[in-house]
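Source file: final.cif. Holds: mmCIF, C-alpha atoms.
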```cif
data_data
#
loop_
_atom_site.label_atom_id
_atom_site.label_comp_id
_atom_site.auth_asym_id
_atom_site.auth_seq_id
_atom_site.Cartn_x
_atom_site.Cartn_y
_atom_site.Cartn_z
CA MET A 1 90.60 123.21 96.29
CA SER A 2 93.19 121.78 98.67
CA LYS A 3 95.01 118.64 97.63
CA VAL A 4 94.24 115.49 99.62
CA ALA A 5 96.58 112.87 101.05
CA ILE A 6 95.98 109.57 102.80
CA VAL A 7 98.54 108.36 105.33
CA THR A 8 98.37 104.85 106.77
CA GLY A 9 99.83 104.09 110.16
CA ALA A 10 99.11 107.75 110.92
CA GLY A 11 98.45 107.47 114.65
CA ARG A 12 102.04 108.11 115.70
CA GLY A 13 105.68 108.18 114.62
CA ILE A 14 106.67 108.80 111.02
CA GLY A 15 103.03 108.61 109.93
CA LEU A 16 101.88 111.38 112.26
CA ALA A 17 104.94 113.51 111.44
CA THR A 18 104.03 113.11 107.76
CA VAL A 19 100.48 114.25 108.45
CA ARG A 20 101.83 117.38 110.14
CA ARG A 21 104.08 118.09 107.15
CA PHE A 22 101.19 117.64 104.70
CA LEU A 23 99.06 120.07 106.70
CA ALA A 24 101.90 122.60 106.63
CA GLU A 25 101.91 122.24 102.82
CA GLY A 26 98.18 123.02 102.69
CA PHE A 27 96.92 119.48 102.10
CA HIS A 28 93.84 117.96 103.66
CA VAL A 29 94.70 114.58 105.16
CA ALA A 30 92.91 111.32 105.94
CA LEU A 31 94.58 109.45 108.80
CA LEU A 32 94.32 105.64 108.73
CA ASP A 33 95.42 103.43 111.60
CA VAL A 34 94.43 100.07 113.08
CA ASP A 35 94.49 101.58 116.60
CA ALA A 36 91.42 103.76 117.10
CA ALA A 37 92.71 105.14 120.39
CA LEU A 38 95.91 106.34 118.72
CA LEU A 39 93.84 107.98 116.01
CA ASP A 40 91.71 109.80 118.58
CA ALA A 41 94.82 111.10 120.33
CA ALA A 42 96.40 112.18 117.06
CA MET A 43 93.28 114.02 115.95
CA ALA A 44 93.07 115.81 119.29
CA GLU A 45 96.73 116.80 119.04
CA LEU A 46 96.41 118.07 115.47
CA ALA A 47 93.26 120.08 116.30
CA ALA A 48 92.48 120.58 112.60
CA PRO A 49 88.97 119.14 112.18
CA ASP A 50 88.28 120.82 108.85
CA ALA A 51 91.49 119.53 107.26
CA THR A 52 91.68 116.02 108.73
CA ARG A 53 89.54 112.91 108.95
CA ALA A 54 90.31 109.66 110.80
CA PHE A 55 89.48 106.12 109.68
CA ALA A 56 90.17 102.98 111.70
CA CYS A 57 91.63 100.53 109.20
CA ASP A 58 93.60 97.28 109.12
CA VAL A 59 95.49 97.65 105.85
CA SER A 60 95.72 93.88 105.44
CA SER A 61 91.92 93.72 105.12
CA ALA A 62 90.59 94.44 101.64
CA ALA A 63 87.20 95.40 103.09
CA ASP A 64 88.74 97.84 105.59
CA VAL A 65 90.89 99.42 102.91
CA GLN A 66 87.98 99.85 100.51
CA ALA A 67 85.82 101.43 103.22
CA ALA A 68 88.52 103.77 104.52
CA ILE A 69 89.97 105.02 101.24
CA GLY A 70 86.54 105.22 99.64
CA GLY A 71 85.27 107.15 102.65
CA ALA A 72 88.19 109.55 102.53
CA ALA A 73 87.67 110.23 98.82
CA ARG A 74 83.97 110.85 99.31
CA HIS A 75 84.58 113.15 102.26
CA PHE A 76 87.26 115.30 100.63
CA GLY A 77 86.13 114.95 97.02
CA ARG A 78 89.50 113.98 95.56
CA LEU A 79 92.75 112.11 96.22
CA ASP A 80 96.22 113.28 95.26
CA ALA A 81 98.65 111.33 97.44
CA LEU A 82 98.89 108.04 99.30
CA VAL A 83 101.58 107.23 101.85
CA ASN A 84 101.77 103.52 102.66
CA ASN A 85 103.42 103.83 106.07
CA ALA A 86 101.62 101.24 108.22
CA GLY A 87 103.96 98.46 109.26
CA ILE A 88 104.75 95.94 111.96
CA ALA A 89 107.86 94.01 112.93
CA VAL A 90 108.75 90.72 114.56
CA PHE A 91 112.36 90.58 115.74
CA LYS A 92 113.15 86.89 116.08
CA PRO A 93 115.70 84.45 114.65
CA LEU A 94 114.75 82.80 111.38
CA LEU A 95 114.41 79.35 112.97
CA GLU A 96 112.12 80.70 115.71
CA THR A 97 109.79 82.83 113.56
CA THR A 98 106.39 81.14 113.38
CA PRO A 99 104.34 80.84 110.19
CA GLU A 100 101.69 83.00 111.83
CA GLU A 101 104.21 85.76 112.57
CA TRP A 102 105.63 85.54 109.04
CA ASN A 103 102.16 85.74 107.49
CA ARG A 104 101.06 88.71 109.61
CA VAL A 105 104.17 90.78 108.90
CA LEU A 106 103.88 90.21 105.16
CA ALA A 107 100.13 90.86 105.26
CA VAL A 108 100.58 94.30 106.81
CA ASN A 109 103.88 95.39 105.29
CA LEU A 110 103.49 94.09 101.74
CA THR A 111 99.88 93.15 101.06
CA GLY A 112 98.71 96.36 102.78
CA PRO A 113 100.44 98.71 100.31
CA PHE A 114 99.27 96.52 97.43
CA LEU A 115 95.64 96.77 98.56
CA CYS A 116 95.76 100.48 99.39
CA THR A 117 97.34 101.42 96.08
CA GLN A 118 94.94 99.21 94.16
CA VAL A 119 91.99 101.09 95.67
CA ALA A 120 93.55 104.57 95.58
CA ALA A 121 94.98 104.54 92.06
CA PRO A 122 91.68 104.65 90.12
CA ILE A 123 90.51 107.55 92.30
CA MET A 124 93.75 109.44 91.64
CA ALA A 125 93.52 108.69 87.93
CA GLU A 126 90.03 110.19 87.77
CA GLY A 127 91.49 113.42 89.11
CA GLY A 128 94.36 113.48 86.63
CA GLY A 129 96.99 111.56 88.59
CA GLY A 130 98.84 111.67 91.88
CA ALA A 131 101.67 110.19 93.88
CA VAL A 132 102.22 107.12 96.04
CA VAL A 133 105.05 106.79 98.54
CA ASN A 134 105.76 103.40 100.11
CA ILE A 135 107.72 103.31 103.35
CA THR A 136 110.14 100.45 103.06
CA SER A 137 113.29 100.18 105.24
CA ILE A 138 117.02 99.94 105.17
CA SER A 139 116.31 96.37 106.32
CA GLY A 140 114.80 95.77 102.88
CA LEU A 141 118.05 96.81 101.20
CA ARG A 142 120.55 95.10 103.50
CA ALA A 143 120.07 91.86 105.43
CA SER A 144 120.44 91.78 109.21
CA THR A 145 119.83 89.43 112.09
CA LEU A 146 116.37 88.90 113.60
CA ARG A 147 114.60 90.43 110.59
CA VAL A 148 113.68 87.51 108.35
CA ALA A 149 110.00 88.49 108.10
CA TYR A 150 110.41 92.26 108.43
CA GLY A 151 113.37 92.57 106.05
CA THR A 152 111.82 90.28 103.46
CA SER A 153 108.53 92.19 103.55
CA LYS A 154 110.34 95.48 103.06
CA ALA A 155 112.48 94.10 100.24
CA GLY A 156 109.28 92.97 98.55
CA LEU A 157 107.81 96.43 99.05
CA ALA A 158 110.83 97.99 97.33
CA HIS A 159 110.18 95.86 94.24
CA LEU A 160 106.42 96.46 94.46
CA THR A 161 107.25 100.17 94.29
CA LYS A 162 109.00 99.69 90.96
CA GLN A 163 106.22 97.48 89.65
CA GLN A 164 103.60 100.06 90.62
CA ALA A 165 105.64 102.86 89.06
CA VAL A 166 105.90 101.01 85.74
CA GLU A 167 102.23 100.10 85.61
CA LEU A 168 100.70 103.32 86.94
CA GLY A 169 102.84 105.89 85.14
CA GLY A 170 100.45 105.89 82.21
CA LEU A 171 97.69 107.01 84.58
CA GLY A 172 99.73 109.99 85.72
CA ILE A 173 100.61 108.34 89.04
CA ARG A 174 104.17 108.45 90.32
CA VAL A 175 105.32 105.81 92.83
CA ASN A 176 108.45 106.07 94.93
CA ALA A 177 109.65 104.62 98.22
CA VAL A 178 111.50 105.96 101.22
CA ALA A 179 113.79 103.56 103.09
CA PRO A 180 114.38 104.90 106.60
CA GLY A 181 117.51 103.99 108.48
CA PRO A 182 117.53 104.10 112.29
CA VAL A 183 114.96 106.68 113.38
CA ASP A 184 113.93 107.73 116.87
CA THR A 185 110.47 106.19 116.69
CA ALA A 186 108.57 104.51 119.50
CA MET A 187 109.43 101.12 117.96
CA ALA A 188 113.15 101.88 117.92
CA LYS A 189 113.10 103.19 121.47
CA ALA A 190 111.40 99.98 122.59
CA VAL A 191 113.74 97.48 120.95
CA HIS A 192 117.10 99.26 120.53
CA THR A 193 119.21 98.85 123.65
CA PRO A 194 122.03 101.34 124.37
CA GLU A 195 124.46 98.79 122.91
CA ILE A 196 122.45 98.49 119.70
CA ARG A 197 122.21 102.26 119.41
CA ALA A 198 125.98 102.54 119.81
CA ASP A 199 126.49 100.00 117.04
CA TYR A 200 124.27 102.01 114.70
CA HIS A 201 126.06 105.24 115.59
CA ASP A 202 129.43 103.66 114.81
CA HIS A 203 128.23 102.46 111.41
CA MET A 204 126.66 105.66 110.11
CA PRO A 205 128.62 108.61 108.69
CA LEU A 206 126.19 111.08 110.28
CA ASN A 207 126.64 109.25 113.62
CA ARG A 208 123.07 109.68 114.87
CA TYR A 209 119.52 108.46 114.58
CA GLY A 210 117.16 110.32 112.28
CA LEU A 211 114.14 112.33 113.34
CA GLU A 212 110.59 111.51 112.32
CA SER A 213 110.29 115.03 110.92
CA GLU A 214 113.32 114.44 108.65
CA LEU A 215 111.60 111.42 107.11
CA ALA A 216 108.38 113.39 106.71
CA GLU A 217 110.16 116.10 104.72
CA VAL A 218 111.29 113.61 102.07
CA ILE A 219 107.98 111.74 101.99
CA VAL A 220 105.93 114.86 101.40
CA PHE A 221 108.44 116.21 98.86
CA LEU A 222 107.92 113.05 96.79
CA CYS A 223 104.16 113.71 96.84
CA THR A 224 104.45 117.25 95.51
CA ASP A 225 105.05 118.69 92.05
CA ARG A 226 108.62 119.42 93.13
CA ALA A 227 109.28 115.71 92.48
CA SER A 228 107.28 115.63 89.25
CA TYR A 229 109.93 113.72 87.24
CA MET A 230 110.70 111.12 89.91
CA THR A 231 109.15 107.67 89.87
CA GLY A 232 110.25 104.12 90.60
CA GLN A 233 112.94 105.27 93.05
CA ILE A 234 113.94 103.93 96.47
CA ILE A 235 115.32 106.83 98.50
CA ALA A 236 117.36 105.83 101.56
CA VAL A 237 116.95 108.44 104.30
CA ASP A 238 119.42 106.79 106.61
CA GLY A 239 122.33 108.95 107.71
CA GLY A 240 124.52 107.13 105.20
CA PHE A 241 123.81 103.65 106.58
CA ASP A 242 123.36 101.94 103.21
CA ALA A 243 126.44 103.61 101.73
CA THR A 244 128.80 102.50 104.47
CA GLY A 245 131.17 99.57 104.15
CA ILE A 246 133.03 97.51 106.74
CA GLY A 247 135.59 99.06 109.03
CA LEU A 248 134.30 102.62 109.18
CA PRO A 249 134.75 103.04 112.96
CA THR A 250 138.40 101.93 112.71
CA LEU A 251 139.03 104.22 109.77
CA ARG A 252 137.50 107.11 111.67
CA GLN A 253 139.77 106.48 114.61
CA ALA A 254 142.80 106.21 112.33
CA ARG A 255 141.94 109.55 110.76
CA ARG A 256 141.68 111.18 114.19
CA ASN A 257 145.15 109.93 114.98
CA LEU A 258 146.73 111.40 111.85
#
```
Output the structure of this file as structure tokens.
Amino acid sequence: MSKVAIVTGAGRGIGLATVRRFLAEGFHVALLDVDAALLDAAMAELAAPDATRAFACDVSSAADVQAAIGGAARHFGRLDALVNNAGIAVFKPLLETTPEEWNRVLAVNLTGPFLCTQVAAPIMAEGGGGAVVNITSISGLRASTLRVAYGTSKAGLAHLTKQQAVELGGLGIRVNAVAPGPVDTAMAKAVHTPEIRADYHDHMPLNRYGLESELAEVIVFLCTDRASYMTGQIIAVDGGFDATGIGLPTLRQARRNL
């Protein structure tokens, strides 16, 4: 029987790329997304009706999560992997971020993975175990401007990953997180001006944005038996962003001049 994965925020971007990678690995996949139209488009693009199932779901709603994950498990008969990818961002200064914006970002980005894992874990345990991958962010590892809600939610998700790994290991469930750096997603294309992109390029040793497919490779790897001794880890897939200190562009230029 094929293994089964659930991917939240699966209608586009990293989520949809992850679905494609799971299918290539022989998994069956349940796609969850709050946007039903995006789900319909994704399902049409994938054209794999026997191996996929779509569920409209707001991950911040306990009722939605229970219905979607329960429905996926009943449809496919098992659950082996959960990717908590759904997320939103508000890019505003700290003093201008409203309580409503703060609450919504934390509800989706932090409470969502808590709820999804809480529902999925017992189902995985019944089948002998599984894997959870939370999609945090480089913004959860390093502070930046305009990201008070987003960065804080992702930092919380990084710690939630470790908490889940410690508590669920005894059930045979591994929990890791992937922290993307700048990636060419629809969100990045919408909010990253040419000047911002240039700043990122200057900072990163690999000097480019990542591809959604590159993130998907690491996410799916963590869900397979190839990562069977990995749990509680935060893996930065970021072109070297988190490893880089101050002054890299100047040092690069100095090296060119040697």
Q: Would you please work out which residue, of A:Lys162, A:Lys154, A:Arg174, A:Arg12, is nearest to Gly129 (chain A) when using all atoms listed in the file?
A: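 Looking only at the distances to Gly129 (chain A), the closest residue turns out to be A:Arg174.
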Q) Residues picked by the PyMOL selection byres ((chain A and resi 59-65) around 8) here, as a PyMOL selection string? A) chain A and resi 8+34+57-58+66-70+86+107-108+111-113+115-116+119
Q | Separation of CA of Glu25 (chain A) from CA of Thr224 (chain A) in Å | A | 9.2 Å
**Q.** Counting only C-alpha atoms, the option among A:Leu46, A:Val166, A:Ala24, A:Leu106 closest to Ala10 (chain A)
**A.**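 Closest to Ala10 (chain A), using only C-alpha atoms: A:Leu46.
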**Q.** Picked residues, the PyMOL selection byres ((chain A and resi 209-212) around 12), expected as JSON, numbers by chain
**A.** {"A": [12, 13, 14, 15, 16, 17, 18, 19, 20, 21, 179, 180, 181, 182, 183, 184, 185, 186, 187, 188, 189, 192, 196, 197, 198, 199, 200, 201, 202, 203, 204, 205, 206, 207, 208, 213, 214, 215, 216, 217, 218, 219, 236, 237, 238, 239, 240, 241]}
Using C-alpha atoms, can you export the residues from the last selection as a PDB file, in the coordinates of the input?
```pdb
ATOM      1  CA  ARG A  12     102.040 108.110 115.700  1.00  0.00           C
ATOM      2  CA  GLY A  13     105.680 108.180 114.620  1.00  0.00           C
ATOM      3  CA  ILE A  14     106.670 108.800 111.020  1.00  0.00           C
ATOM      4  CA  GLY A  15     103.030 108.610 109.930  1.00  0.00           C
ATOM      5  CA  LEU A  16     101.880 111.380 112.260  1.00  0.00           C
ATOM      6  CA  ALA A  17     104.940 113.510 111.440  1.00  0.00           C
ATOM      7  CA  THR A  18     104.030 113.110 107.760  1.00  0.00           C
ATOM      8  CA  VAL A  19     100.480 114.250 108.450  1.00  0.00           C
ATOM      9  CA  ARG A  20     101.830 117.380 110.140  1.00  0.00           C
ATOM     10  CA  ARG A  21     104.080 118.090 107.150  1.00  0.00           C
ATOM     11  CA  ALA A 179     113.790 103.560 103.090  1.00  0.00           C
ATOM     12  CA  PRO A 180     114.380 104.900 106.600  1.00  0.00           C
ATOM     13  CA  GLY A 181     117.510 103.990 108.480  1.00  0.00           C
ATOM     14  CA  PRO A 182     117.530 104.100 112.290  1.00  0.00           C
ATOM     15  CA  VAL A 183     114.960 106.680 113.380  1.00  0.00           C
ATOM     16  CA  ASP A 184     113.930 107.730 116.870  1.00  0.00           C
ATOM     17  CA  THR A 185     110.470 106.190 116.690  1.00  0.00           C
ATOM     18  CA  ALA A 186     108.570 104.510 119.500  1.00  0.00           C
ATOM     19  CA  MET A 187     109.430 101.120 117.960  1.00  0.00           C
ATOM     20  CA  ALA A 188     113.150 101.880 117.920  1.00  0.00           C
ATOM     21  CA  LYS A 189     113.100 103.190 121.470  1.00  0.00           C
ATOM     22  CA  HIS A 192     117.100  99.260 120.530  1.00  0.00           C
ATOM     23  CA  ILE A 196     122.450  98.490 119.700  1.00  0.00           C
ATOM     24  CA  ARG A 197     122.210 102.260 119.410  1.00  0.00           C
ATOM     25  CA  ALA A 198     125.980 102.540 119.810  1.00  0.00           C
ATOM     26  CA  ASP A 199     126.490 100.000 117.040  1.00  0.00           C
ATOM     27  CA  TYR A 200     124.270 102.010 114.700  1.00  0.00           C
ATOM     28  CA  HIS A 201     126.060 105.240 115.590  1.00  0.00           C
ATOM     29  CA  ASP A 202     129.430 103.660 114.810  1.00  0.00           C
ATOM     30  CA  HIS A 203     128.230 102.460 111.410  1.00  0.00           C
ATOM     31  CA  MET A 204     126.660 105.660 110.110  1.00  0.00           C
ATOM     32  CA  PRO A 205     128.620 108.610 108.690  1.00  0.00           C
ATOM     33  CA  LEU A 206     126.190 111.080 110.280  1.00  0.00           C
ATOM     34  CA  ASN A 207     126.640 109.250 113.620  1.00  0.00           C
ATOM     35  CA  ARG A 208     123.070 109.680 114.870  1.00  0.00           C
ATOM     36  CA  SER A 213     110.290 115.030 110.920  1.00  0.00           C
ATOM     37  CA  GLU A 214     113.320 114.440 108.650  1.00  0.00           C
ATOM     38  CA  LEU A 215     111.600 111.420 107.110  1.00  0.00           C
ATOM     39  CA  ALA A 216     108.380 113.390 106.710  1.00  0.00           C
ATOM     40  CA  GLU A 217     110.160 116.100 104.720  1.00  0.00           C
ATOM     41  CA  VAL A 218     111.290 113.610 102.070  1.00  0.00           C
ATOM     42  CA  ILE A 219     107.980 111.740 101.990  1.00  0.00           C
ATOM     43  CA  ALA A 236     117.360 105.830 101.560  1.00  0.00           C
ATOM     44  CA  VAL A 237     116.950 108.440 104.300  1.00  0.00           C
ATOM     45  CA  ASP A 238     119.420 106.790 106.610  1.00  0.00           C
ATOM     46  CA  GLY A 239     122.330 108.950 107.710  1.00  0.00           C
ATOM     47  CA  GLY A 240     124.520 107.130 105.200  1.00  0.00           C
ATOM     48  CA  PHE A 241     123.810 103.650 106.580  1.00  0.00           C
TER      49      PHE A 241
END
```
Q: Just give me the gap between CA of Gln163 (chain A) and CA of Val220 (chain A) in Å, one decimal is fine.
A: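 These two atoms are separated by 21.0 Å.
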Q: May I ask which of the residues A:Ser139, A:Asn134, A:Ser2, A:Thr98 is the closest one to Gln233 (chain A), counting all atoms listed in the file?
A: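 Distance minimum relative to Gln233 (chain A) lands on A:Asn134.
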Q: Neighbourhood query: residues within 10 Å of (90.6, 109.5, 90.5), file coordinates, counting all atoms listed in the file; return as a PyMOL selection string.
A: chain A and resi 73+77-80+119-130+171
